[in-house]
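Text of work.cif (mmCIF, C-alpha atoms) as supplied:
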```cif
data_upload
loop_
_atom_site.label_atom_id
_atom_site.label_comp_id
_atom_site.auth_asym_id
_atom_site.auth_seq_id
_atom_site.Cartn_x
_atom_site.Cartn_y
_atom_site.Cartn_z
CA MET A 1 104.34 129.79 82.53
CA LYS A 2 105.34 128.63 85.99
CA THR A 3 105.34 125.09 87.28
CA TYR A 4 104.09 123.77 90.62
CA THR A 5 106.19 121.57 92.87
CA PHE A 6 104.63 119.61 95.74
CA ASN A 7 105.82 118.19 99.00
CA ALA A 8 105.54 114.42 98.50
CA LYS A 9 102.24 113.23 99.99
CA LYS A 10 103.62 109.83 100.92
CA LEU A 11 100.51 108.94 102.92
CA PHE A 12 98.75 108.50 99.59
CA PRO A 13 99.25 105.68 97.08
CA ILE A 14 99.95 108.11 94.23
CA TYR A 15 100.79 111.79 94.48
CA PRO A 16 101.99 114.61 92.24
CA VAL A 17 105.57 115.84 92.51
CA THR A 18 105.51 118.57 89.89
CA VAL A 19 103.14 119.80 87.18
CA GLY A 20 103.55 122.31 84.38
CA PHE A 21 101.41 123.57 81.53
CA ASN A 22 102.76 124.91 78.23
CA PHE A 23 106.15 125.35 79.88
CA GLU A 24 108.93 127.05 77.91
CA GLN A 25 111.23 124.05 77.98
CA ASP A 26 114.93 124.44 78.69
CA ASP A 27 117.46 121.95 77.38
CA ILE A 28 117.57 118.99 79.76
CA ASN A 29 120.35 116.44 80.29
CA ARG A 30 119.91 113.94 83.12
CA PRO A 31 122.35 111.01 82.83
CA LEU A 32 120.98 109.54 86.07
CA GLY A 33 117.33 110.27 85.38
CA VAL A 34 115.08 111.70 88.11
CA ASP A 35 113.51 110.30 91.26
CA MET A 36 109.92 110.28 89.97
CA GLU A 37 107.80 109.06 87.09
CA GLN A 38 106.96 111.64 84.39
CA ILE A 39 104.43 111.99 81.57
CA PHE A 40 104.71 114.70 78.91
CA VAL A 41 102.77 116.19 76.01
CA VAL A 42 104.69 118.38 73.56
CA SER A 43 102.45 121.45 73.44
CA GLY A 44 104.50 123.57 71.02
CA GLY A 45 107.54 123.72 68.74
CA ILE A 46 109.83 120.91 67.70
CA GLY A 47 112.72 119.12 69.40
CA SER A 48 114.31 115.77 70.06
CA ILE A 49 114.69 113.40 72.97
CA SER A 50 117.22 110.72 73.90
CA ILE A 51 116.12 107.93 76.25
CA ASP A 52 118.86 105.54 77.33
CA GLY A 53 120.76 106.50 74.17
CA SER A 54 117.85 106.03 71.77
CA ARG A 55 116.91 109.30 70.03
CA SER A 56 113.53 110.40 68.63
CA ALA A 57 112.31 113.61 67.01
CA LEU A 58 109.55 115.50 68.81
CA GLU A 59 106.78 117.74 67.51
CA ARG A 60 103.56 119.20 68.84
CA GLY A 61 101.18 116.47 69.93
CA ASP A 62 103.82 113.84 70.70
CA MET A 63 103.56 112.22 74.11
CA PHE A 64 106.33 110.61 76.10
CA PHE A 65 106.86 108.79 79.38
CA LEU A 66 110.06 108.89 81.42
CA SER A 67 110.43 106.23 84.08
CA LYS A 68 112.20 106.86 87.35
CA GLY A 69 116.00 106.61 87.15
CA VAL A 70 116.22 106.32 83.34
CA ALA A 71 118.89 108.44 81.62
CA HIS A 72 117.41 111.03 79.28
CA SER A 73 117.93 114.37 77.60
CA TYR A 74 115.70 116.56 75.47
CA SER A 75 115.88 119.95 73.78
CA GLY A 76 114.10 121.96 71.10
CA ASP A 77 113.70 125.18 69.21
CA ALA A 78 112.67 128.56 70.64
CA ASP A 79 108.98 127.53 70.57
CA PHE A 80 109.53 124.16 72.26
CA ARG A 81 107.00 123.79 75.09
CA THR A 82 105.89 120.87 77.21
CA THR A 83 102.94 120.09 79.45
CA PHE A 84 103.89 117.53 82.07
CA LEU A 85 103.14 115.74 85.31
CA GLY A 86 105.75 114.21 87.62
CA PHE A 87 104.33 111.71 90.10
CA ASP A 88 105.28 108.91 92.47
CA GLY A 89 103.78 106.43 94.95
CA GLU A 90 103.24 102.73 95.53
CA LEU A 91 100.29 102.65 93.12
CA CYS A 92 102.56 103.42 90.14
CA HIS A 93 103.68 99.80 89.78
CA SER A 94 100.06 98.59 89.66
CA ILE A 95 99.17 101.18 87.02
CA PHE A 96 102.13 100.23 84.83
CA GLU A 97 101.31 96.54 85.23
CA HIS A 98 97.64 97.09 84.38
CA TYR A 99 98.39 99.05 81.21
CA GLY A 100 101.40 96.97 80.18
CA VAL A 101 103.89 99.83 80.52
CA LYS A 102 107.33 98.26 80.39
CA SER A 103 109.72 101.15 79.75
CA SER A 104 110.13 104.84 78.96
CA SER A 105 108.71 105.56 75.51
CA VAL A 106 107.67 108.17 72.94
CA TYR A 107 104.12 107.93 71.58
CA LYS A 108 103.21 109.51 68.24
CA GLY A 109 99.97 109.95 66.33
CA LYS A 110 97.79 109.85 69.44
CA ASN A 111 94.78 111.93 70.47
CA PHE A 112 96.93 114.05 72.74
CA GLU A 113 94.29 116.72 73.39
CA LEU A 114 92.61 114.74 76.16
CA SER A 115 95.85 114.30 78.13
CA LEU A 116 96.74 117.95 77.52
CA LEU A 117 93.36 118.99 78.91
CA GLN A 118 93.55 116.76 81.97
CA ILE A 119 97.05 117.88 82.95
CA LYS A 120 95.90 121.48 82.44
CA GLU A 121 92.91 120.87 84.74
CA LEU A 122 95.27 119.51 87.38
CA TYR A 123 97.56 122.50 86.87
CA ASP A 124 94.73 125.06 87.00
CA GLY A 125 93.25 123.55 90.17
CA THR A 126 96.49 123.32 92.09
CA GLU A 127 96.38 126.64 93.92
CA SER A 128 92.81 126.13 95.14
CA MET A 129 93.18 122.41 95.90
CA THR A 130 93.17 121.90 99.69
CA ASP A 131 92.14 118.23 99.81
CA SER A 132 95.28 116.13 99.42
CA ALA A 133 93.25 112.95 98.96
CA LEU A 134 91.36 114.50 96.03
CA LEU A 135 94.65 115.74 94.57
CA SER A 136 95.94 112.16 94.76
CA ALA A 137 92.78 110.86 93.07
CA ASN A 138 93.03 113.43 90.27
CA THR A 139 96.66 112.44 89.73
CA TYR A 140 95.60 108.80 89.38
CA ARG A 141 92.91 109.76 86.87
CA THR A 142 95.32 111.87 84.80
CA VAL A 143 97.99 109.18 84.66
CA ALA A 144 95.47 106.46 83.78
CA ALA A 145 94.02 108.58 80.96
CA PHE A 146 97.51 109.24 79.57
CA PHE A 147 98.32 105.54 79.24
CA VAL A 148 94.88 104.65 77.87
CA GLU A 149 95.64 106.94 74.94
CA ALA A 150 99.40 106.40 74.66
CA LEU A 151 99.12 102.61 74.40
CA LYS A 152 96.09 102.57 72.15
CA LYS A 153 96.40 100.45 69.00
CA GLU A 154 94.11 100.49 65.99
CA ARG A 155 90.53 100.48 67.19
CA THR A 156 87.09 100.30 65.63
CA PRO A 157 84.89 103.36 66.24
CA THR A 158 83.02 101.39 68.91
CA GLU A 159 86.25 100.46 70.68
CA LEU A 160 87.37 104.09 70.51
CA VAL A 161 84.18 105.03 72.36
CA ARG A 162 85.05 102.51 75.07
CA ASP A 163 88.58 103.96 75.32
CA TYR A 164 87.16 107.48 75.56
CA ILE A 165 84.90 106.40 78.42
CA GLU A 166 87.86 104.79 80.20
CA ALA A 167 89.91 107.96 79.87
CA SER A 168 87.05 110.29 80.89
CA PHE A 169 85.47 108.36 83.77
CA GLY A 170 86.20 111.07 86.34
CA LYS A 171 84.20 113.86 84.71
CA PRO A 172 80.56 114.38 83.63
CA LEU A 173 79.98 112.56 80.35
CA THR A 174 76.96 112.69 78.04
CA LEU A 175 76.07 110.93 74.82
CA ALA A 176 76.45 114.31 73.08
CA ASP A 177 80.11 114.40 74.21
CA ILE A 178 80.72 111.03 72.60
CA MET A 179 78.88 111.92 69.40
CA GLU A 180 81.31 114.78 68.78
CA PHE A 181 83.90 112.29 67.54
CA TYR A 182 81.77 109.21 66.68
CA PRO A 183 81.21 109.25 62.88
CA TYR A 184 77.83 107.46 62.73
CA SER A 185 74.36 107.79 64.26
CA LYS A 186 73.35 107.47 67.93
CA ALA A 187 71.24 104.44 67.09
CA LYS A 188 74.18 102.66 65.43
CA LEU A 189 76.49 103.54 68.33
CA CYS A 190 74.11 102.20 70.97
CA ARG A 191 73.37 99.04 68.94
CA ASP A 192 77.02 98.28 68.09
CA PHE A 193 78.27 99.05 71.59
CA SER A 194 75.79 96.67 73.21
CA ALA A 195 76.64 93.98 70.64
CA ARG A 196 80.40 94.39 71.28
CA TYR A 197 80.38 94.59 75.08
CA GLY A 198 77.04 93.12 76.18
CA ILE A 199 76.06 96.26 78.12
CA THR A 200 75.01 99.80 77.28
CA ILE A 201 77.38 102.78 77.09
CA PHE A 202 76.28 104.15 80.44
CA GLU A 203 76.36 100.76 82.12
CA MET A 204 79.97 100.56 80.93
CA LEU A 205 80.68 104.05 82.28
CA THR A 206 79.27 103.09 85.69
CA LYS A 207 81.26 99.85 85.70
CA ILE A 208 84.51 101.65 84.90
CA ARG A 209 83.85 104.28 87.56
CA LEU A 210 83.12 101.63 90.18
CA ASP A 211 86.20 99.61 89.21
CA HIS A 212 88.41 102.67 89.71
CA ALA A 213 86.65 103.48 92.99
CA ARG A 214 87.26 99.96 94.26
CA THR A 215 90.95 100.28 93.41
CA MET A 216 91.19 103.52 95.37
CA LEU A 217 89.46 101.97 98.40
CA LYS A 218 91.78 98.96 98.32
CA ILE A 219 94.91 101.09 98.14
CA ASP A 220 93.87 103.81 100.58
CA PRO A 221 91.15 102.73 103.07
CA CYS A 222 91.39 106.12 104.84
CA MET A 223 90.26 108.15 101.82
CA LYS A 224 86.88 109.80 102.37
CA LEU A 225 84.00 108.31 100.40
CA LYS A 226 83.00 111.74 99.12
CA ALA A 227 86.47 112.22 97.65
CA VAL A 228 86.44 108.74 96.06
CA ALA A 229 82.99 109.34 94.57
CA ALA A 230 83.94 112.76 93.18
CA ALA A 231 87.20 111.50 91.70
CA CYS A 232 85.34 108.72 89.89
CA GLY A 233 82.64 110.92 88.39
CA PHE A 234 79.81 110.44 90.93
CA ASN A 235 78.22 113.74 91.96
CA ASP A 236 76.01 112.04 94.56
CA THR A 237 77.80 110.03 97.26
CA SER A 238 74.57 108.21 98.22
CA TYR A 239 74.04 107.05 94.64
CA PHE A 240 77.69 105.96 94.47
CA CYS A 241 77.25 103.85 97.63
CA LYS A 242 74.02 102.34 96.28
CA MET A 243 75.58 101.34 92.97
CA TYR A 244 78.74 100.02 94.66
CA LYS A 245 76.69 97.70 96.90
CA ARG A 246 74.60 96.54 93.93
CA VAL A 247 77.71 95.54 91.97
CA TYR A 248 80.06 94.28 94.70
CA GLY A 249 77.61 93.08 97.35
CA ARG A 250 78.94 95.37 100.08
CA THR A 251 78.96 99.09 100.71
CA PRO A 252 82.12 101.09 99.95
CA ASP A 253 82.31 101.96 103.65
CA SER A 254 82.37 98.28 104.65
CA GLU A 255 84.95 97.66 101.90
CA ARG A 256 87.06 100.45 103.32
CA GLN A 257 86.72 99.17 106.90
CA ARG A 258 87.62 95.64 105.79
CA ARG A 259 90.73 96.88 103.96
CA GLY A 260 91.62 99.06 106.91
CA PHE A 261 91.37 96.04 109.22
CA GLU A 262 93.61 93.97 106.94
CA HIS A 263 96.13 96.81 106.85
CA LYS A 264 96.00 97.05 110.65
CA VAL A 265 96.53 93.28 110.99
CA ASP A 266 99.53 93.47 108.66
CA LYS A 267 101.09 96.26 110.74
CA THR A 268 100.40 94.34 113.97
CA SER A 269 102.01 91.21 112.52
CA THR A 270 105.05 93.20 111.46
CA LYS A 271 105.39 94.70 114.91
CA ARG A 272 105.00 91.26 116.53
CA ASN A 273 107.74 89.86 114.26
CA GLU A 274 110.03 92.74 115.19
CA VAL A 275 109.48 92.04 118.90
CA THR A 276 110.12 88.33 118.38
CA LYS A 277 113.35 89.07 116.54
CA ALA A 278 114.44 91.41 119.29
CA ASN A 279 113.75 88.80 121.97
CA ASN A 280 115.62 86.13 120.04
CA SER A 281 118.69 88.28 119.40
#
```
Produce structure tokens that represent the structure in this file.
Amino acid sequence: MKTYTFNAKKLFPIYPVTVGFNFEQDDINRPLGVDMEQIFVVSGGIGSISIDGSRSALERGDMFFLSKGVAHSYSGDADFRTTFLGFDGELCHSIFEHYGVKSSSVYKGKNFELSLLQIKELYDGTESMTDSALLSANTYRTVAAFFVEALKKERTPTELVRDYIEASFGKPLTLADIMEFYPYSKAKLCRDFSARYGITIFEMLTKIRLDHARTMLKIDPCMKLKAVAAACGFNDTSYFCKMYKRVYGRTPDSERQRRGFEHKVDKTSTKRNEVTKANNS
């Protein structure tokens, strides 16, 4: 299958560079790495990968992350296929810091299907995607979901539910969706979840969605509220604004204007400093 390559949308805090689904993978050897961040799911066959001289075997379901500029090579058998997303932007550092990502790594024994599905959704929607801001938001969601799963340690069933919500915040989510992998009853889930986190499942889902929305507004004050709401799983922009004000004490529009003003002040200060330097030289 083909891959898609994008012109870098450097106006946005995170943007896709290239995306591929179930790609028939050639042998790769990049001693200088590449100028983007990359996440992969092995979607077929077997192979091996070397990252900075450290080699690991690869099989279907393995996930790996390649950081910008890190030497790597990988190859596999005739059935070796990968599903991947290459991305870049100033938000990458914050994402890595938030999830504790310190270096390129291979992740085994994870629930790779969710990442595979989300990269596929990004891939399938590429040709019809005309809103660059929404494309940026979907890239953020896909990368965040990848690291939620990749860095997951042993969890109780209740904690796994919380992780699933974190990884799926951008799409419609029902209790029936959760019950497909939760091994006990609905009553036990709701009781144990509230005991563990102090709030209900759907209060947690709303909180996570709003937290991600607030991050987007801080990083990119120019992003349309409709795009932010949609990327964070809110079908109704009015409801999104209502909930945002209830939680944060201000509307998302006022948050955006405030951030935009701060950004404008920073640019003005920079320009003033440049003029001062020029006058003093």
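The smallest atom-to-atom distance between A:Glu37 and any of A:Asp79, A:Asp62, A:Glu255, A:Asp88, using only C-alpha atoms, is found for A:Asp88.
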* Quick one, how far is atom CA of A:Asp177 from atom CA of A:Gln118? ->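 Atom-to-atom, atom CA of A:Asp177 and atom CA of A:Gln118 are spaced 15.7 Å apart.
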* Applied to the shown file, which residues does the PyMOL selection byres ((chain A and resi 156) around 12) return, written as a ChimeraX atom specification? -> /A:152-155,157-163,182-183,189,192-193,196
* To do: Select all residues near (99.9, 109.2, 71.0) (cut-off 12 Å, inclusive, file coordinates), counting all atoms listed in the file, and output them as a PyMOL selection string.
  => chain A and resi 39-42+58-65+105-116+145-154
Could you state which residues are captured by the PyMOL selection byres ((chain A and resi 202) around 10) in this file, as a PDB file with C-alpha atoms, in the frame of the given file?
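The resulting part_25.pdb:
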```pdb
ATOM      1  CA  ILE A 165      84.900 106.400  78.420  1.00  0.00           C
ATOM      2  CA  LEU A 173      79.980 112.560  80.350  1.00  0.00           C
ATOM      3  CA  THR A 174      76.960 112.690  78.040  1.00  0.00           C
ATOM      4  CA  LEU A 175      76.070 110.930  74.820  1.00  0.00           C
ATOM      5  CA  CYS A 190      74.110 102.200  70.970  1.00  0.00           C
ATOM      6  CA  ILE A 199      76.060  96.260  78.120  1.00  0.00           C
ATOM      7  CA  THR A 200      75.010  99.800  77.280  1.00  0.00           C
ATOM      8  CA  ILE A 201      77.380 102.780  77.090  1.00  0.00           C
ATOM      9  CA  GLU A 203      76.360 100.760  82.120  1.00  0.00           C
ATOM     10  CA  MET A 204      79.970 100.560  80.930  1.00  0.00           C
ATOM     11  CA  LEU A 205      80.680 104.050  82.280  1.00  0.00           C
ATOM     12  CA  THR A 206      79.270 103.090  85.690  1.00  0.00           C
ATOM     13  CA  LYS A 207      81.260  99.850  85.700  1.00  0.00           C
ATOM     14  CA  ILE A 208      84.510 101.650  84.900  1.00  0.00           C
TER      15      ILE A 208
END
```
* Asked: Could you list as a ChimeraX atom specification every residue that has an atom within 10 Å of (114.9, 109.3, 71.5), using the file's coordinates and counting all atoms listed in the file?
  -> /A:48-58,64,72-74,104-106
* To do: Could you tell me which residues the PyMOL selection byres ((chain A and resi 119) around 12) returns for this structure, as number ranges by chain?
  => A: 3-4, 16, 18-22, 38-41, 43, 82-87, 112-118, 120-126, 138-146
* Asked: In Å, how far is it from atom CA of A:Glu166 to atom CA of A:Asp236?
  ->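 Computing the Euclidean distance for atom CA of A:Glu166 and atom CA of A:Asp236 yields 20.0 Å.
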* Can you pull out every residue within 12 Å of A:Thr215, counting only C-alpha atoms, but drop anything in the same chain fewer than 3 positions away, and send it as a ChimeraX atom specification? => /A:13-14,91,94-95,98,137,140-141,208-212,218-221,223,228,231-232,252,255-256,259
* What is the distance, in Å and to one decimal place, between atom CA of A:Gly47 and atom CA of A:Ser75? -> 5.5 Å
